[in-house]
Amino acid sequence: MVSCYCSNTIKVQSLATANGTYQVGVKNGQGFHALTIDTYSTRNEHTILHEIAHYATAISAKDNYSAHGVEFAKNLLYIGSKVIGHDWSENLLKSYKEKGVDVGN
């Protein structure tokens with residue numbers, strides 16, 4: 001099971017070890033973003049796309065960054081459709097709707 005603990009530092013963790021992190025903040029007065037995939041077992045398209053969607057959401061945020069908000073969901077759907085394919089994206093959208101995840105318009 002993968003869960004995401006979100007604050008200024010976003011960490012994707014399994015029950016055993018940290019698998020990947022996305023960090024957003026300020027370092028030496030400049031905007032800072034870092035993406036790390038920590039273990040071989042998480043170097044798969046789904047985990048990597050999830051973390052890239054965090055990055056895309058953070059750099060395009062017009063207001064407050066919401067780790068798993070509407071913009072994140074839209075970004076993951078879009079990126080996934082381009083990398084994995086339309087069917088994957090449609091299945092994720094169906095799952096979002098079943099679980100009540102807001103994907104905007």
# chains A, B, ... in the order shown; residues from 1 in each chain; ligands from 1
$ residues_around --residues "range 73-89 of chain A" --least-positions-apart "4" --cutoff "8 Å" --atoms "only C-alpha atoms" --output "MDAnalysis selection string"
chainID A and resid 45 49:50 53 56:57 68:69 93 102:104
$ atom_distance --atom1 "CA of Glu90 in chain A" --atom2 "CA of Gln23 in chain A"
28.3 Å
$ closest_residue --among "A:Asn91, A:His33, A:Val70, A:Tyr55" --to "Asn105 in chain A" --atoms "only C-alpha atoms"
A:Val70
